[in-house]
There are 2 protein chains.
Amino acid sequence: MANYRVGLETRERILDATRTLLAEDGIEGITLKRITTMADVGVGSFYNLFDSKEAVVFEVVRQALDAVDPHPGSSEGDTLEDLIDAFVTFMTGSSTIARIYLQLAGLGLTDEAIAARVLRSHRRRVQRFSAACRRDDPSLTPDAARERAETIMAALTGLGLTALIDPGFDMRAHADRLVGRGGQPGNIGSPSAPPV
Amino acid sequence: MANYRVGLETRERILDATRTLLAEDGIEGITLKRITTMADVGVGSFYNLFDSKEAVVFEVVRQALDAVDPHPGSSEGDTLEDLIDAFVTFMTGSSTIARIYLQLAGLGLTDEAIAARVLRSHRRRVQRFSAACRRDDPSLTPDAARERAETIMAALTGLGLTALIDPGFDMRAHADRLVGRGGQPGNIGSPSAPPV
DNA sequence: ATCAACTTTGAACGGACGTTCCAATTCCGC
DNA sequence: GCGGAATTGGAACGTCCGTTCAAAGTTGAT
């Protein structure tokens, strides 16, 4: 399957259509007819290139989970700020894939296969974030860094959800406050920090 | 519809079954047959009590959104700690409804009707949280309180998601750190707070 | 130019879905 | 305990779903 040029192009058109439909209407709204119509492809061609409808959905899901990690496999020198920036850009920029990514969080709760993938991706990200935390503040113990990483990631996910649901929500501004940027008082974690 | 005692009981059994199935398998996994089988009710009886499958799902969704607000309509004197505690208890305790609530966040991204409900519920909660923030720290401006409330709520939602996906994740411990409890350094917002 | 491998197409199929309908039964105020 | 209203159950219906299949067309190495 998909050894000729035309086959690969068709495969790409199908993936594009699936990605668009998944972001617009979610997994429950996706049908084979809608995919093949939008991709301008016969049903038979679809089954020549993918084993099932589930297969193409999983492929898109896999890509979405990968996309949340900026330049994965790089030299591992990211600042915590870099990681947060990358996530905010991912969320506010490529909203197509971002919507899919956040749907997965909810869907992973019920679908075991998806839950496993989400959890694996989550654990990888915790590693990167906690490493960045220790680079940021070398005095942190590994455990403390991991906890801090998980809290920051959770907050980012929640902020991303809010941003996609509430139009006009300024995710970047809120994300900046997570690590104390912006110079204003009132950050999470220091509610009644003594002034001066 | 539902004027006799038996009718009301049947209605309740259908709602229970829908709630359970929704939490276990999500909205995409729910079918009329499964609902009626689990509720031990004929299909005709179902349509005697509800207009459609969608109607009963919406009813459960409405209840789930209401349930996230602790004792709503009370005297409005909650501490920020109270609100956070209530949310953590809601998430870690009643996982059936909690799962539905978090699915809604993801589903609301695609279904307009659900998105509207979720957004409305969200706005109400922001009000309560930001009022608590100002009670906590009267020096906050209304805007600053609202921003702080939204960040805390986002972090709570994200933590809840992590808790449901990652077994063994200690949500309460992480939530406590959101407002600086626990006495340990390294809270979000004060990454490099000077020790001593 | 040849030809095997690859690709395309849409009709056809079986199953699952939500909903309708109505005869039989049960409920409960009188 | 009578009688109208509410409730019950499940067969039947039309629709839409994912998938299969075989025949026709296209590709590209030789």
# chains A, B, ... in the order shown; residues from 1 in each chain; ligands from 1

$ closest_atom_pairs --of "range 155-182 of chain B" --to "range 100-117 of chain B" --cutoff "9 Å" --atoms "only C-alpha atoms" --output "JSON lines"
{"residue": "B:Thr157", "atom": "CA", "partner": "B:Leu102", "partner_atom": "CA", "distance": 7.8}
{"residue": "B:Gly160", "atom": "CA", "partner": "B:Leu102", "partner_atom": "CA", "distance": 8.0}
{"residue": "B:Leu161", "atom": "CA", "partner": "B:Leu102", "partner_atom": "CA", "distance": 6.9}

$ interface_residues --of "chain B" --to "chain C" --cutoff "12 Å" --atoms "only C-alpha atoms (C1' of nucleotides)" --output "ChimeraX atom specification"
/B:2-7,30-34,43-44,46-48,50-54

$ atom_distance --atom1 "CA of Ala145 in chain A" --atom2 "CA of Ser130 in chain A"
5.1 Å

$ select_by_dssp --residues "range 24-191 of chain A" --states "alpha helix (DSSP H)" --output "number ranges by chain"
A: 24-25, 32-39, 43-49, 53-67, 80-92, 95-107, 112-136, 142-165, 171-178

$ interface_residues --of "chain A" --to "chain B" --cutoff "8 Å" --atoms "only C-alpha atoms" --output "PyMOL selection string"
chain A and resi 23-26+28+99+102-111+115+119+137+140+144+147-148+151-159+161-162+164-166+174+177-180+186-192

$ closest_atom_pairs --of "chain D" --to "chain B" --cutoff "7 Å" --atoms "only C-alpha atoms (C1' of nucleotides)" --output "JSON lines"
{"residue": "D:DA6", "atom": "C1'", "partner": "B:Tyr4", "partner_atom": "CA", "distance": 6.7}
{"residue": "D:DT7", "atom": "C1'", "partner": "B:Gly7", "partner_atom": "CA", "distance": 6.8}
{"residue": "D:DT8", "atom": "C1'", "partner": "B:Ser45", "partner_atom": "CA", "distance": 5.9}
{"residue": "D:DG9", "atom": "C1'", "partner": "B:Gly42", "partner_atom": "CA", "distance": 5.1}

$ write_last_selection --atoms "C-alpha atoms (C1' of nucleotides)" --output "PDB file, in the first residue's frame"
ATOM      1  C1'  DA D   6     -50.004   6.723  32.918  1.00  0.00           C
ATOM      2  C1'  DT D   7     -46.769   3.168  32.075  1.00  0.00           C
ATOM      3  C1'  DT D   8     -44.744  -0.894  29.912  1.00  0.00           C
ATOM      4  C1'  DG D   9     -42.457  -3.764  26.393  1.00  0.00           C
TER       5       DG D   9
END

$ atom_distance --atom1 "CA of Arg146 in chain A" --atom2 "CA of His71 in chain A"
21.2 Å

$ atom_distance --atom1 "CA of Thr89 in chain A" --atom2 "CA of Val68 in chain A"
9.8 Å

$ closest_residue --among "B:Arg13, B:Arg172, B:Arg62, B:Arg19" --to "Ala39 in chain B" --atoms "only C-alpha atoms"
B:Arg13

$ decode --residues "range 2-30 of chain D" --atoms "N, CA and C atoms (P, O5', C5', C4', C3', O3' and C1' of nucleotides)" --output "PDB file, in the first residue's frame"
ATOM      1  P    DC D   2     -66.137  -3.309  39.473  1.00  0.00           P
ATOM      2  O5'  DC D   2     -66.484  -1.919  38.773  1.00  0.00           O
ATOM      3  C5'  DC D   2     -66.566  -0.747  39.612  1.00  0.00           C
ATOM      4  C4'  DC D   2     -66.414   0.510  38.797  1.00  0.00           C
ATOM      5  C3'  DC D   2     -66.056   0.343  37.321  1.00  0.00           C
ATOM      6  O3'  DC D   2     -66.696   1.384  36.600  1.00  0.00           O
ATOM      7  C1'  DC D   2     -64.304   1.489  38.446  1.00  0.00           C
ATOM      8  P    DG D   3     -66.554   1.445  35.005  1.00  0.00           P
ATOM      9  O5'  DG D   3     -65.423   2.544  34.823  1.00  0.00           O
ATOM     10  C5'  DG D   3     -65.578   3.854  35.389  1.00  0.00           C
ATOM     11  C4'  DG D   3     -64.441   4.747  34.910  1.00  0.00           C
ATOM     12  C3'  DG D   3     -64.067   4.552  33.446  1.00  0.00           C
ATOM     13  O3'  DG D   3     -63.642   5.799  32.921  1.00  0.00           O
ATOM     14  C1'  DG D   3     -62.223   3.976  34.798  1.00  0.00           C
ATOM     15  P    DG D   4     -63.696   6.044  31.358  1.00  0.00           P
ATOM     16  O5'  DG D   4     -62.629   7.210  31.203  1.00  0.00           O
ATOM     17  C5'  DG D   4     -62.593   8.278  32.171  1.00  0.00           C
ATOM     18  C4'  DG D   4     -61.155   8.631  32.495  1.00  0.00           C
ATOM     19  C3'  DG D   4     -60.257   8.855  31.273  1.00  0.00           C
ATOM     20  O3'  DG D   4     -59.433   9.963  31.533  1.00  0.00           O
ATOM     21  C1'  DG D   4     -59.327   7.179  32.639  1.00  0.00           C
ATOM     22  P    DA D   5     -58.534  10.606  30.397  1.00  0.00           P
ATOM     23  O5'  DA D   5     -57.086  10.574  31.044  1.00  0.00           O
ATOM     24  C5'  DA D   5     -56.933  10.841  32.454  1.00  0.00           C
ATOM     25  C4'  DA D   5     -55.615  10.260  32.921  1.00  0.00           C
ATOM     26  C3'  DA D   5     -54.463  10.458  31.937  1.00  0.00           C
ATOM     27  O3'  DA D   5     -53.336  10.943  32.646  1.00  0.00           O
ATOM     28  C1'  DA D   5     -54.631   8.182  32.546  1.00  0.00           C
ATOM     29  P    DA D   6     -51.982  11.322  31.930  1.00  0.00           P
ATOM     30  O5'  DA D   6     -50.993  10.191  32.482  1.00  0.00           O
ATOM     31  C5'  DA D   6     -50.925   9.957  33.884  1.00  0.00           C
ATOM     32  C4'  DA D   6     -50.132   8.697  34.139  1.00  0.00           C
ATOM     33  C3'  DA D   6     -48.768   8.661  33.459  1.00  0.00           C
ATOM     34  O3'  DA D   6     -47.812   8.244  34.413  1.00  0.00           O
ATOM     35  C1'  DA D   6     -50.004   6.723  32.918  1.00  0.00           C
ATOM     36  P    DT D   7     -46.296   8.170  34.027  1.00  0.00           P
ATOM     37  O5'  DT D   7     -46.120   6.629  33.669  1.00  0.00           O
ATOM     38  C5'  DT D   7     -46.426   5.648  34.640  1.00  0.00           C
ATOM     39  C4'  DT D   7     -46.276   4.264  34.033  1.00  0.00           C
ATOM     40  C3'  DT D   7     -44.944   3.998  33.350  1.00  0.00           C
ATOM     41  O3'  DT D   7     -44.281   2.971  34.073  1.00  0.00           O
ATOM     42  C1'  DT D   7     -46.769   3.168  32.075  1.00  0.00           C
ATOM     43  P    DT D   8     -42.838   2.519  33.634  1.00  0.00           P
ATOM     44  O5'  DT D   8     -43.158   1.268  32.707  1.00  0.00           O
ATOM     45  C5'  DT D   8     -43.883   0.170  33.227  1.00  0.00           C
ATOM     46  C4'  DT D   8     -44.116  -0.861  32.140  1.00  0.00           C
ATOM     47  C3'  DT D   8     -42.859  -1.240  31.363  1.00  0.00           C
ATOM     48  O3'  DT D   8     -42.527  -2.588  31.643  1.00  0.00           O
ATOM     49  C1'  DT D   8     -44.744  -0.894  29.912  1.00  0.00           C
ATOM     50  P    DG D   9     -41.068  -3.124  31.366  1.00  0.00           P
ATOM     51  O5'  DG D   9     -41.253  -3.772  29.926  1.00  0.00           O
ATOM     52  C5'  DG D   9     -42.210  -4.789  29.762  1.00  0.00           C
ATOM     53  C4'  DG D   9     -42.346  -5.108  28.300  1.00  0.00           C
ATOM     54  C3'  DG D   9     -41.010  -5.273  27.571  1.00  0.00           C
ATOM     55  O3'  DG D   9     -40.965  -6.556  26.987  1.00  0.00           O
ATOM     56  C1'  DG D   9     -42.457  -3.764  26.393  1.00  0.00           C
ATOM     57  P    DG D  10     -39.593  -7.160  26.455  1.00  0.00           P
ATOM     58  O5'  DG D  10     -39.898  -7.399  24.911  1.00  0.00           O
ATOM     59  C5'  DG D  10     -41.240  -7.552  24.446  1.00  0.00           C
ATOM     60  C4'  DG D  10     -41.333  -7.102  23.006  1.00  0.00           C
ATOM     61  C3'  DG D  10     -40.022  -7.186  22.220  1.00  0.00           C
ATOM     62  O3'  DG D  10     -40.333  -7.471  20.878  1.00  0.00           O
ATOM     63  C1'  DG D  10     -40.795  -5.024  22.131  1.00  0.00           C
ATOM     64  P    DA D  11     -39.651  -8.728  20.146  1.00  0.00           P
ATOM     65  O5'  DA D  11     -40.472  -8.861  18.787  1.00  0.00           O
ATOM     66  C5'  DA D  11     -41.894  -8.802  18.809  1.00  0.00           C
ATOM     67  C4'  DA D  11     -42.414  -7.856  17.733  1.00  0.00           C
ATOM     68  C3'  DA D  11     -41.679  -7.960  16.394  1.00  0.00           C
ATOM     69  O3'  DA D  11     -42.634  -7.877  15.344  1.00  0.00           O
ATOM     70  C1'  DA D  11     -41.563  -5.737  17.187  1.00  0.00           C
ATOM     71  P    DA D  12     -42.231  -8.015  13.837  1.00  0.00           P
ATOM     72  O5'  DA D  12     -42.104  -6.512  13.334  1.00  0.00           O
ATOM     73  C5'  DA D  12     -43.216  -5.636  13.407  1.00  0.00           C
ATOM     74  C4'  DA D  12     -42.809  -4.301  12.835  1.00  0.00           C
ATOM     75  C3'  DA D  12     -41.949  -4.393  11.562  1.00  0.00           C
ATOM     76  O3'  DA D  12     -42.521  -3.583  10.552  1.00  0.00           O
ATOM     77  C1'  DA D  12     -40.918  -2.981  13.179  1.00  0.00           C
ATOM     78  P    DC D  13     -41.837  -3.421   9.126  1.00  0.00           P
ATOM     79  O5'  DC D  13     -41.175  -1.986   9.269  1.00  0.00           O
ATOM     80  C5'  DC D  13     -41.921  -0.883   9.796  1.00  0.00           C
ATOM     81  C4'  DC D  13     -41.099   0.385   9.640  1.00  0.00           C
ATOM     82  C3'  DC D  13     -40.221   0.380   8.391  1.00  0.00           C
ATOM     83  O3'  DC D  13     -40.416   1.583   7.672  1.00  0.00           O
ATOM     84  C1'  DC D  13     -38.930   0.825  10.347  1.00  0.00           C
ATOM     85  P    DG D  14     -39.954   1.644   6.126  1.00  0.00           P
ATOM     86  O5'  DG D  14     -38.878   2.805   6.237  1.00  0.00           O
ATOM     87  C5'  DG D  14     -39.156   3.967   7.037  1.00  0.00           C
ATOM     88  C4'  DG D  14     -37.855   4.674   7.356  1.00  0.00           C
ATOM     89  C3'  DG D  14     -36.889   4.800   6.169  1.00  0.00           C
ATOM     90  O3'  DG D  14     -36.418   6.129   6.123  1.00  0.00           O
ATOM     91  C1'  DG D  14     -35.802   3.739   7.986  1.00  0.00           C
ATOM     92  P    DT D  15     -35.302   6.561   5.033  1.00  0.00           P
ATOM     93  O5'  DT D  15     -33.994   6.700   5.925  1.00  0.00           O
ATOM     94  C5'  DT D  15     -34.086   7.298   7.223  1.00  0.00           C
ATOM     95  C4'  DT D  15     -32.714   7.251   7.887  1.00  0.00           C
ATOM     96  C3'  DT D  15     -31.557   7.492   6.918  1.00  0.00           C
ATOM     97  O3'  DT D  15     -30.708   8.471   7.474  1.00  0.00           O
ATOM     98  C1'  DT D  15     -31.206   5.498   8.163  1.00  0.00           C
ATOM     99  P    DC D  16     -29.594   9.172   6.590  1.00  0.00           P
ATOM    100  O5'  DC D  16     -28.258   8.666   7.274  1.00  0.00           O
ATOM    101  C5'  DC D  16     -28.159   8.639   8.706  1.00  0.00           C
ATOM    102  C4'  DC D  16     -27.059   7.690   9.103  1.00  0.00           C
ATOM    103  C3'  DC D  16     -25.800   7.790   8.235  1.00  0.00           C
ATOM    104  O3'  DC D  16     -24.663   7.880   9.080  1.00  0.00           O
ATOM    105  C1'  DC D  16     -26.499   5.551   8.444  1.00  0.00           C
ATOM    106  P    DC D  17     -23.272   8.341   8.583  1.00  0.00           P
ATOM    107  O5'  DC D  17     -22.313   7.208   9.142  1.00  0.00           O
ATOM    108  C5'  DC D  17     -22.493   6.736  10.481  1.00  0.00           C
ATOM    109  C4'  DC D  17     -22.022   5.306  10.584  1.00  0.00           C
ATOM    110  C3'  DC D  17     -20.785   4.991   9.784  1.00  0.00           C
ATOM    111  O3'  DC D  17     -19.644   5.273  10.562  1.00  0.00           O
ATOM    112  C1'  DC D  17     -22.405   3.227   9.627  1.00  0.00           C
ATOM    113  P    DG D  18     -18.252   5.382   9.874  1.00  0.00           P
ATOM    114  O5'  DG D  18     -17.778   3.874   9.747  1.00  0.00           O
ATOM    115  C5'  DG D  18     -17.698   3.066  10.910  1.00  0.00           C
ATOM    116  C4'  DG D  18     -17.347   1.643  10.529  1.00  0.00           C
ATOM    117  C3'  DG D  18     -16.045   1.498   9.751  1.00  0.00           C
ATOM    118  O3'  DG D  18     -15.370   0.331  10.205  1.00  0.00           O
ATOM    119  C1'  DG D  18     -17.834   0.691   8.436  1.00  0.00           C
ATOM    120  P    DT D  19     -13.944  -0.040   9.613  1.00  0.00           P
ATOM    121  O5'  DT D  19     -14.311  -1.070   8.453  1.00  0.00           O
ATOM    122  C5'  DT D  19     -15.102  -2.211   8.783  1.00  0.00           C
ATOM    123  C4'  DT D  19     -15.466  -2.975   7.528  1.00  0.00           C
ATOM    124  C3'  DT D  19     -14.307  -3.270   6.579  1.00  0.00           C
ATOM    125  O3'  DT D  19     -14.077  -4.668   6.540  1.00  0.00           O
ATOM    126  C1'  DT D  19     -16.270  -2.588   5.407  1.00  0.00           C
ATOM    127  P    DT D  20     -12.942  -5.281   5.620  1.00  0.00           P
ATOM    128  O5'  DT D  20     -13.762  -5.774   4.351  1.00  0.00           O
ATOM    129  C5'  DT D  20     -14.894  -6.609   4.540  1.00  0.00           C
ATOM    130  C4'  DT D  20     -15.481  -6.984   3.195  1.00  0.00           C
ATOM    131  C3'  DT D  20     -14.481  -7.521   2.173  1.00  0.00           C
ATOM    132  O3'  DT D  20     -15.010  -8.724   1.624  1.00  0.00           O
ATOM    133  C1'  DT D  20     -15.735  -5.747   1.222  1.00  0.00           C
ATOM    134  P    DC D  21     -14.060  -9.738   0.819  1.00  0.00           P
ATOM    135  O5'  DC D  21     -14.403  -9.385  -0.704  1.00  0.00           O
ATOM    136  C5'  DC D  21     -15.773  -9.272  -1.094  1.00  0.00           C
ATOM    137  C4'  DC D  21     -15.862  -8.670  -2.470  1.00  0.00           C
ATOM    138  C3'  DC D  21     -14.726  -9.070  -3.416  1.00  0.00           C
ATOM    139  O3'  DC D  21     -15.276  -9.707  -4.548  1.00  0.00           O
ATOM    140  C1'  DC D  21     -15.112  -6.717  -3.467  1.00  0.00           C
ATOM    141  P    DA D  22     -14.412 -10.813  -5.345  1.00  0.00           P
ATOM    142  O5'  DA D  22     -14.676 -10.319  -6.839  1.00  0.00           O
ATOM    143  C5'  DA D  22     -15.915  -9.714  -7.178  1.00  0.00           C
ATOM    144  C4'  DA D  22     -15.695  -8.659  -8.237  1.00  0.00           C
ATOM    145  C3'  DA D  22     -14.630  -9.004  -9.284  1.00  0.00           C
ATOM    146  O3'  DA D  22     -15.034  -8.476 -10.518  1.00  0.00           O
ATOM    147  C1'  DA D  22     -14.075  -7.000  -8.271  1.00  0.00           C
ATOM    148  P    DA D  23     -14.604  -9.217 -11.890  1.00  0.00           P
ATOM    149  O5'  DA D  23     -15.031  -8.108 -12.961  1.00  0.00           O
ATOM    150  C5'  DA D  23     -16.025  -7.132 -12.621  1.00  0.00           C
ATOM    151  C4'  DA D  23     -15.522  -5.738 -12.963  1.00  0.00           C
ATOM    152  C3'  DA D  23     -14.627  -5.687 -14.207  1.00  0.00           C
ATOM    153  O3'  DA D  23     -15.016  -4.602 -15.018  1.00  0.00           O
ATOM    154  C1'  DA D  23     -13.563  -4.643 -12.383  1.00  0.00           C
ATOM    155  P    DA D  24     -14.430  -4.375 -16.491  1.00  0.00           P
ATOM    156  O5'  DA D  24     -13.725  -2.956 -16.356  1.00  0.00           O
ATOM    157  C5'  DA D  24     -14.455  -1.844 -15.818  1.00  0.00           C
ATOM    158  C4'  DA D  24     -13.477  -0.730 -15.550  1.00  0.00           C
ATOM    159  C3'  DA D  24     -12.521  -0.457 -16.712  1.00  0.00           C
ATOM    160  O3'  DA D  24     -12.536   0.926 -17.024  1.00  0.00           O
ATOM    161  C1'  DA D  24     -11.330  -0.720 -14.674  1.00  0.00           C
ATOM    162  P    DG D  25     -11.571   1.559 -18.132  1.00  0.00           P
ATOM    163  O5'  DG D  25     -10.460   2.272 -17.260  1.00  0.00           O
ATOM    164  C5'  DG D  25     -10.843   3.203 -16.239  1.00  0.00           C
ATOM    165  C4'  DG D  25      -9.615   3.677 -15.500  1.00  0.00           C
ATOM    166  C3'  DG D  25      -8.487   4.193 -16.399  1.00  0.00           C
ATOM    167  O3'  DG D  25      -8.082   5.461 -15.910  1.00  0.00           O
ATOM    168  C1'  DG D  25      -7.657   2.571 -14.883  1.00  0.00           C
ATOM    169  P    DT D  26      -6.908   6.267 -16.671  1.00  0.00           P
ATOM    170  O5'  DT D  26      -5.667   5.978 -15.715  1.00  0.00           O
ATOM    171  C5'  DT D  26      -5.756   6.306 -14.339  1.00  0.00           C
ATOM    172  C4'  DT D  26      -4.435   6.016 -13.649  1.00  0.00           C
ATOM    173  C3'  DT D  26      -3.209   6.623 -14.326  1.00  0.00           C
ATOM    174  O3'  DT D  26      -2.500   7.337 -13.335  1.00  0.00           O
ATOM    175  C1'  DT D  26      -2.868   4.326 -13.867  1.00  0.00           C
ATOM    176  P    DT D  27      -1.218   8.216 -13.701  1.00  0.00           P
ATOM    177  O5'  DT D  27      -0.046   7.279 -13.183  1.00  0.00           O
ATOM    178  C5'  DT D  27      -0.027   6.916 -11.809  1.00  0.00           C
ATOM    179  C4'  DT D  27       1.090   5.924 -11.560  1.00  0.00           C
ATOM    180  C3'  DT D  27       2.477   6.391 -12.032  1.00  0.00           C
ATOM    181  O3'  DT D  27       3.328   6.386 -10.913  1.00  0.00           O
ATOM    182  C1'  DT D  27       2.020   4.161 -12.737  1.00  0.00           C
ATOM    183  P    DG D  28       4.629   7.305 -10.886  1.00  0.00           P
ATOM    184  O5'  DG D  28       5.711   6.224 -11.333  1.00  0.00           O
ATOM    185  C5'  DG D  28       5.819   5.022 -10.582  1.00  0.00           C
ATOM    186  C4'  DG D  28       6.714   4.036 -11.305  1.00  0.00           C
ATOM    187  C3'  DG D  28       7.969   4.650 -11.941  1.00  0.00           C
ATOM    188  O3'  DG D  28       9.023   3.696 -11.836  1.00  0.00           O
ATOM    189  C1'  DG D  28       6.768   3.519 -13.573  1.00  0.00           C
ATOM    190  P    DA D  29      10.460   4.214 -11.343  1.00  0.00           P
ATOM    191  O5'  DA D  29      11.319   2.877 -11.342  1.00  0.00           O
ATOM    192  C5'  DA D  29      10.826   1.730 -10.641  1.00  0.00           C
ATOM    193  C4'  DA D  29      11.036   0.478 -11.468  1.00  0.00           C
ATOM    194  C3'  DA D  29      12.422   0.339 -12.098  1.00  0.00           C
ATOM    195  O3'  DA D  29      12.865  -1.007 -12.004  1.00  0.00           O
ATOM    196  C1'  DA D  29      10.784   0.268 -13.797  1.00  0.00           C
ATOM    197  P    DT D  30      14.331  -1.408 -12.467  1.00  0.00           P
ATOM    198  O5'  DT D  30      14.112  -1.982 -13.916  1.00  0.00           O
ATOM    199  C5'  DT D  30      13.398  -3.212 -14.104  1.00  0.00           C
ATOM    200  C4'  DT D  30      13.146  -3.446 -15.586  1.00  0.00           C
ATOM    201  C3'  DT D  30      14.398  -3.358 -16.448  1.00  0.00           C
ATOM    202  O3'  DT D  30      14.929  -4.669 -16.679  1.00  0.00           O
ATOM    203  C1'  DT D  30      12.476  -2.362 -17.492  1.00  0.00           C
TER     204       DT D  30
END
